[in-house]
Amino acid sequence: MPNLMSGARMLVECLVREGVECIFGYPGGVTLPVYDVFYDHPIRHVLVRHEENAAFAASGYARATGRVGVCCATSGPGSTNLVTGLVDALMDSVPLVALTGQVSTKAIGSDAFQEADTFGITRSCTKHNYLVKNLKDLPAIVHEAFYIASTGRPGPVLIDLPKDILQGQGHYAPVSSIHLPGYKVVTEGHTGQIRRAAQMIWEAERPLVYAGGGIVSSGAHEELRELVELLDAPAVLTLMGLGCLPGDHPNFLSMPGMHGSYAANMSMTHADLLIALGVRFDDRVTGRLSAFAPHAKVIHVDIDPVEIGKNRAADLPIVGDAKRVLRKLLRILHETVAERERKAAARQAWWRQIRAWQKEHPLLPAFSDREIKPQHLMVEIDRLTRGEAIITADVGQHQMWAAQFIRFKRPRHWLCSGGLGAMGFGLPAAMGAQFACPDKLVVAIVGDGGFQMSIPELATIVANRLPVKVVICNNGYLGMVRQWQNLFFNNRLCAVAMEGFPDVEKLGAAYGIPARIVQRPSELATALETALAEPGPYILDVRVSPEENVYPMVPAGAALNEMVLGPPQPVPVPK
Amino acid sequence: MLQVISLLVENKPGALMRITGVLSARGYNIESLTVARTLDPTLSRMTIVVDVDPALRRQVIKQMNRLVNVLQASDLTEERAVAREMVLLRVRAPLESRTAILKEAEIFSARVVDSSVEGFVLEASGDPEKLDEFIDVMRAYGEIEVTRSGIVAVSLESRRLRLSPPVPTRAEREDAGSRLMDVPSS
């Protein structure tokens with residue numbers, strides 16, 4: 001029989017049919033049959049140094065391209081180590097397929113060696129998950145997993161593969177269709193609702209476009225730009241949406257929320273219409289929900305009906321894919337463009353107000369002659385990369401400064417763990433992005449905390465000759481936690497000093513990666529230029545001012561217009 | 001306020017866990033849950049009664065509908081629906097009270113499903129509140145043991161079941177695409 005094959009080979013056949021080129025993984029006892037197939041197969045398996053980083057690398061690959069990222073781990077500790085990466089992908093709607101080994105079906109539930117209830121553990125960490133109990137189900141499950149991961153609101157799907165399934169022999173027939181009667185994806189927005197949206201838009205005096213990760217997922221950035229320019233509306237982009245409008249676009253008011261710009265937050269507070277596109281009214285964006293955008297009606301477009309009305313009631317809900325909805329909306333707006341004049345005077349006044357806010361408290365970087373300000377570092381990275389590089393980040397102060405001061409030109413160039421806020425994401429995500437985009441400049445901006453969670457992956461970078469540039473925004477602290485202790489706990493700093501940070505030049509030498517420590521502001525530009533021009537990987541340890549805080553800041557529980565604009569005295573903003 | 005949710009779900013391992021997971025993730029305690037196969041053995045009908053913050057009731061239904069294994073989740077709390085429950089009740093009955101117990105059972109349309117010298121096992125079904133009364137009355141006759149089935153409910157409104165049709169796999173779509181491209185343009 002020509003098509004008699006092992007479950008492991010069947011699995012790989014299905015992966016090939018899904019167009020998989022690259023898998024990030026770590027082998028183990030029960031996944032040996034799969035690795036035996038990989039041995040002489042063109043699919044590239046990238047051996048990482050920790051399973052969590054396999055998930056993060058697959059996520060970086062997926063975020064940079066929009067294709068499904070694939071990671072693979074063995075049973076027990078292998079699969080539990082994936083969990084953080086799965087939740088990260090779930091929170092940020094990243095298409096991921098995770099393959100995990102499992103003990104043989106007969107041993108499941110018997111506390112066998114390296115057994116964990118992966119199916120149970122990952123139920124709430126995934127969009128959907130599978131435990132394969134019969135070899136004949138395997139091909140359909142693999143195709144379902146890719147379909148679920150990549151359609152609707154994207155997310156991670158896990159397939160748990162018992163060893164006897166992988167080793168078992170069966171006849172393989174390619175599956176041609178996917179049957180998921182309960183998997184409902186609404187992509188076309190309701191035309192009547194879209195018409196009403198157009199009407200609300202023309203009637204608004206102070207509209208504001210509030211767009212996020214959904215624009216990236218649906219590839220709707222061109223439509224978004226057309227909308228913003230057709231309406232000449234101000235726009236804010238969430239952390240997940242940065243790059244959907246060019247960072248230097250005149251209508252772009254920067255990011256809203258906890259560390260958003262003054263103009264963005266004041267515009268949110270005073271708008272009479274929010275055109276919310278692929279956003280989820282996250283608490284880091286809204287501040288105190290009861291005081292969020294108190295004067296605004298809300299048009300909420302999202303492909304996931306669960307998001308609509310979850311945090312903020314929508315006056316006009318539209319369930320659908322952002323790109324398709326925006327195309328329909330644009331057609332209607334073009335047809336009725338004469339209506340634009342109706343509120344022209346009010347909209348001019350709105351712009352005058354916004355420009356005044358921008359002038360009043362612009363988002364300006366700090367500079368110093370004595371020490372490198374972290375904002376200065378981001379401005380230099382912005383100057384040298386011109387929005388063309390793929391930038392990944394960990395979580396914390398450096399992430400916020402990067403979001404504030406790097407002007408991304410395009411989507412899928414700013415990759416960070418937004419929803420889960422997982423430290424240690426930046427470096428492995430940069431590896432994944434570099435695999436996906438070998439010709440691109442990929443820069444991982446990491447904190448000294450997050451970097452220490454990722455150091456083992458330097459070996460993966462070396463082994464695969466990845467030209468990833470690691471820039472450590474090193475303030476010697478877990479900076480964001482220190483900032484909160486400083487502002488809200490009377491500066492009683494506890495467990496935030498990262499003493500014992502390694503000498504990065506020696507560390508780089510140990511791995512064979514050129515590395516440099518830079519401390520003086522005058523040396524920063526040249527050091528960065530050298531780092532970014534290096535053909536291979538590079539580690540640049542930038543010693544920044546240790547006690548710098550991120551401003552503006554909306555304290556937890558405060559309203560957006562109650563921003564703290566900067567040290568030393570918290571300045572309440574008049575309404 | 002108690003919410004009555006009716007679900008039509010694929011009869012697959014893990015489906016129950018996903019559904020109850022929506023509730024446990026918000027810390028809701030389930031009052032009752034019943035599940036059994038439908039006429040189509042690949043599907044199950046589930047009735048869940050749960051104390052949900054009224055403002056979140058729609059959210060919970062949407063979250064359940066989002067699950068891949070759920071074909072339909074609907075809120076029966078405020079729509080026309082019939083809800084019934086069954087109770088099995090064992091009562092210790094000394095000889096002198098046996099007749100009275102049987103009389104009382106008759107009032108509640110309960111049936112005797114087992115009789116012994118120690119007492120009866122009675123089966124009653126109906127409106128859950130009526131069953132509460134039945135249990136209260138029986139308590140007066142002595143030591144009782146009660147097993148309730150939990151509510152099963154059926155909507156009186158016809159609801160169209162919308163199922164997603166099969167879709168081609170990626171490889172199939174690409175094959176079809178390349179075949180289309182092979183067609184010479186005239």
# chains A, B, ... in the order shown; residues from 1 in each chain; ligands from 1

call {"tool": "closest_atom_pairs", "arguments": {"of": "chain A", "to": "chain B", "cutoff": "6 Å", "atoms": "only C-alpha atoms", "output": "JSON lines"}}
result
{"residue": "A:Arg17", "atom": "CA", "partner": "B:Ala171", "partner_atom": "CA", "distance": 5.3}
{"residue": "A:Ser176", "atom": "CA", "partner": "B:Thr169", "partner_atom": "CA", "distance": 5.4}
{"residue": "A:Ser177", "atom": "CA", "partner": "B:Pro168", "partner_atom": "CA", "distance": 4.1}
{"residue": "A:Ile178", "atom": "CA", "partner": "B:Val167", "partner_atom": "CA", "distance": 5.2}
{"residue": "A:His179", "atom": "CA", "partner": "B:Pro166", "partner_atom": "CA", "distance": 4.4}
{"residue": "A:Pro181", "atom": "CA", "partner": "B:Ser164", "partner_atom": "CA", "distance": 4.4}
{"residue": "A:Gly182", "atom": "CA", "partner": "B:Leu71", "partner_atom": "CA", "distance": 4.2}
{"residue": "A:Tyr183", "atom": "CA", "partner": "B:Val68", "partner_atom": "CA", "distance": 4.7}
{"residue": "A:Val306", "atom": "CA", "partner": "B:Lys62", "partner_atom": "CA", "distance": 5.6}

call {"tool": "write_last_selection", "arguments": {"atoms": "N, CA and C atoms", "output": "PDB file, in the first residue's frame"}}
result
ATOM      1  N   ARG A  17       0.754  20.270   3.508  1.00  0.00           N
ATOM      2  CA  ARG A  17      -0.438  20.728   2.779  1.00  0.00           C
ATOM      3  C   ARG A  17      -0.941  22.072   3.310  1.00  0.00           C
ATOM      4  N   SER A 176     -10.032  16.856   1.962  1.00  0.00           N
ATOM      5  CA  SER A 176     -10.258  17.988   1.058  1.00  0.00           C
ATOM      6  C   SER A 176     -11.164  19.054   1.659  1.00  0.00           C
ATOM      7  N   SER A 177     -11.957  18.696   2.670  1.00  0.00           N
ATOM      8  CA  SER A 177     -12.799  19.754   3.238  1.00  0.00           C
ATOM      9  C   SER A 177     -12.867  19.649   4.759  1.00  0.00           C
ATOM     10  N   ILE A 178     -13.177  20.788   5.334  1.00  0.00           N
ATOM     11  CA  ILE A 178     -13.211  20.923   6.795  1.00  0.00           C
ATOM     12  C   ILE A 178     -14.665  21.110   7.189  1.00  0.00           C
ATOM     13  N   HIS A 179     -15.111  20.295   8.119  1.00  0.00           N
ATOM     14  CA  HIS A 179     -16.506  20.397   8.524  1.00  0.00           C
ATOM     15  C   HIS A 179     -16.584  20.777   9.999  1.00  0.00           C
ATOM     16  N   PRO A 181     -19.457  22.532  11.903  1.00  0.00           N
ATOM     17  CA  PRO A 181     -20.770  23.176  11.861  1.00  0.00           C
ATOM     18  C   PRO A 181     -20.965  24.236  12.940  1.00  0.00           C
ATOM     19  N   GLY A 182     -20.252  24.102  14.069  1.00  0.00           N
ATOM     20  CA  GLY A 182     -20.458  25.055  15.158  1.00  0.00           C
ATOM     21  C   GLY A 182     -19.479  26.214  15.159  1.00  0.00           C
ATOM     22  N   TYR A 183     -18.585  26.258  14.188  1.00  0.00           N
ATOM     23  CA  TYR A 183     -17.585  27.330  14.157  1.00  0.00           C
ATOM     24  C   TYR A 183     -18.100  28.453  13.285  1.00  0.00           C
ATOM     25  N   VAL A 306     -18.125  38.593  20.783  1.00  0.00           N
ATOM     26  CA  VAL A 306     -17.951  38.652  22.241  1.00  0.00           C
ATOM     27  C   VAL A 306     -17.351  39.995  22.661  1.00  0.00           C
TER      28      VAL A 306
END

call {"tool": "residues_around", "arguments": {"residues": "stretch 364-377 of chain A", "least_positions_apart": "5", "cutoff": "10 Å", "atoms": "only C-alpha atoms", "output": "PyMOL selection string"}}
result
chain A and resi 261+382-383+397-398+400-402+404-406+471+473-475+518-525+528+542-551

call {"tool": "select_by_dssp", "arguments": {"residues": "chain B", "states": "strand (DSSP E or B)", "output": "PyMOL selection string"}}
result
chain B and resi 2-10+30-37+43-51+70-75+81-92+111-115+119-126+144-148+152-155+167-168

call {"tool": "closest_residue", "arguments": {"among": "B:Leu2, B:Ala73, B:Asn11, B:Gly177", "to": "B:Asp40", "atoms": "only C-alpha atoms"}}
result
B:Asn11

call {"tool": "select_by_dssp", "arguments": {"residues": "stretch 105-281 of chain A", "states": "helix (DSSP H, G or I)", "output": "number ranges by chain"}}
result
A: 118-121, 123-125, 135-150, 163-167, 191-203, 213-218, 221-231, 239-241, 262-270

call {"tool": "decode", "arguments": {"residues": "stretch 278-407 of chain A", "atoms": "C-alpha atoms", "output": "short mmCIF file (atom, residue, chain, number, x, y, z; two decimals), in the first residue's frame"}}
result
data_model
loop_
_atom_site.label_atom_id
_atom_site.label_comp_id
_atom_site.auth_asym_id
_atom_site.auth_seq_id
_atom_site.Cartn_x
_atom_site.Cartn_y
_atom_site.Cartn_z
CA GLY A 278 -10.66 46.01 15.73
CA VAL A 279 -10.17 47.12 19.31
CA ARG A 280 -11.39 45.68 22.59
CA PHE A 281 -11.59 48.68 24.93
CA ASP A 282 -8.83 47.20 27.05
CA ASP A 283 -8.42 48.61 30.55
CA ARG A 284 -4.96 49.94 29.65
CA VAL A 285 -6.64 52.04 26.95
CA THR A 286 -9.81 53.16 28.70
CA GLY A 287 -8.59 53.92 32.22
CA ARG A 288 -11.59 54.10 34.55
CA LEU A 289 -14.29 52.72 32.30
CA SER A 290 -17.12 54.75 33.80
CA ALA A 291 -15.33 57.97 32.87
CA PHE A 292 -14.11 56.80 29.47
CA ALA A 293 -15.20 58.82 26.43
CA PRO A 294 -18.23 60.13 28.31
CA HIS A 295 -19.58 62.20 25.41
CA ALA A 296 -19.05 59.68 22.66
CA LYS A 297 -21.36 57.44 20.76
CA VAL A 298 -19.57 54.28 19.75
CA ILE A 299 -19.45 52.49 16.42
CA HIS A 300 -17.74 49.20 17.19
CA VAL A 301 -16.48 46.98 14.39
CA ASP A 302 -15.04 43.63 15.42
CA ILE A 303 -14.98 40.12 13.99
CA ASP A 304 -15.56 38.64 17.44
CA PRO A 305 -19.11 39.30 18.67
CA VAL A 306 -17.95 38.65 22.24
CA GLU A 307 -15.90 41.85 22.17
CA ILE A 308 -18.89 43.99 21.28
CA GLY A 309 -20.48 45.37 24.40
CA LYS A 310 -17.99 43.54 26.63
CA ASN A 311 -16.42 46.60 28.22
CA ARG A 312 -18.22 49.51 26.59
CA ALA A 313 -21.73 49.35 25.17
CA ALA A 314 -21.76 49.98 21.42
CA ASP A 315 -24.35 52.38 20.03
CA LEU A 316 -23.79 50.76 16.66
CA PRO A 317 -22.31 47.26 16.64
CA ILE A 318 -20.97 45.79 13.41
CA VAL A 319 -19.73 42.22 13.50
CA GLY A 320 -17.39 41.55 10.62
CA ASP A 321 -13.90 41.56 9.20
CA ALA A 322 -12.46 45.07 9.44
CA LYS A 323 -11.24 45.13 5.86
CA ARG A 324 -14.57 44.10 4.36
CA VAL A 325 -16.57 46.37 6.63
CA LEU A 326 -14.28 49.32 5.87
CA ARG A 327 -14.54 48.71 2.13
CA LYS A 328 -18.31 48.79 2.30
CA LEU A 329 -18.25 51.81 4.58
CA LEU A 330 -15.85 53.66 2.29
CA ARG A 331 -18.07 53.02 -0.71
CA ILE A 332 -21.05 54.50 1.11
CA LEU A 333 -19.02 57.43 2.41
CA HIS A 334 -17.75 58.20 -1.09
CA GLU A 335 -21.32 58.11 -2.43
CA THR A 336 -22.47 60.52 0.26
CA VAL A 337 -19.33 62.63 0.45
CA ALA A 338 -21.32 65.84 -0.07
CA GLU A 339 -22.48 65.42 3.53
CA ARG A 340 -18.96 66.12 4.70
CA GLU A 341 -19.62 69.84 4.51
CA ARG A 342 -22.50 69.69 6.97
CA LYS A 343 -20.38 69.70 10.06
CA ALA A 344 -17.30 71.27 8.50
CA ALA A 345 -17.18 74.23 10.88
CA ALA A 346 -17.51 72.04 13.97
CA ARG A 347 -14.86 69.69 12.70
CA GLN A 348 -12.46 72.54 12.08
CA ALA A 349 -12.99 73.67 15.64
CA TRP A 350 -12.33 70.06 16.77
CA TRP A 351 -9.02 70.05 14.93
CA ARG A 352 -8.08 73.44 16.38
CA GLN A 353 -8.74 72.03 19.84
CA ILE A 354 -6.66 68.92 19.13
CA ARG A 355 -3.77 70.94 17.72
CA ALA A 356 -3.91 73.08 20.85
CA TRP A 357 -3.67 69.96 23.04
CA GLN A 358 -0.75 68.74 20.98
CA LYS A 359 1.01 72.07 21.45
CA GLU A 360 0.16 72.28 25.10
CA HIS A 361 1.70 68.93 26.05
CA PRO A 362 3.53 67.37 23.13
CA LEU A 363 5.02 63.92 23.51
CA LEU A 364 8.66 64.94 23.71
CA PRO A 365 11.66 62.75 24.45
CA ALA A 366 14.00 63.59 27.28
CA PHE A 367 17.69 64.22 26.60
CA SER A 368 20.65 64.70 28.87
CA ASP A 369 24.37 65.34 28.43
CA ARG A 370 25.28 63.26 31.45
CA GLU A 371 23.35 60.07 30.97
CA ILE A 372 21.51 58.30 28.21
CA LYS A 373 17.80 58.88 28.59
CA PRO A 374 15.80 55.84 27.50
CA GLN A 375 13.66 58.10 25.32
CA HIS A 376 16.86 59.29 23.62
CA LEU A 377 17.65 55.65 22.82
CA MET A 378 14.24 55.16 21.18
CA VAL A 379 14.59 58.37 19.19
CA GLU A 380 17.96 57.16 17.88
CA ILE A 381 16.49 53.77 16.94
CA ASP A 382 13.67 55.62 15.18
CA ARG A 383 16.14 57.80 13.31
CA LEU A 384 18.28 54.86 12.19
CA THR A 385 15.51 52.41 11.29
CA ARG A 386 13.10 54.98 9.77
CA GLY A 387 10.13 52.76 10.56
CA GLU A 388 11.44 50.08 8.20
CA ALA A 389 12.78 47.59 10.74
CA ILE A 390 10.82 44.92 12.55
CA ILE A 391 11.04 45.85 16.19
CA THR A 392 10.15 43.47 18.98
CA ALA A 393 9.95 44.33 22.65
CA ASP A 394 9.56 42.78 26.04
CA VAL A 395 7.19 44.29 28.54
CA GLY A 396 7.59 47.34 30.67
CA GLN A 397 9.06 50.81 30.46
CA HIS A 398 11.21 50.20 27.38
CA GLN A 399 8.15 48.84 25.57
CA MET A 400 6.18 52.00 26.32
CA TRP A 401 9.03 54.31 25.32
CA ALA A 402 9.48 52.38 22.09
CA ALA A 403 5.74 52.65 21.40
CA GLN A 404 5.82 56.38 22.11
CA PHE A 405 8.89 57.35 20.10
CA ILE A 406 9.40 54.89 17.27
CA ARG A 407 7.28 55.85 14.28
#
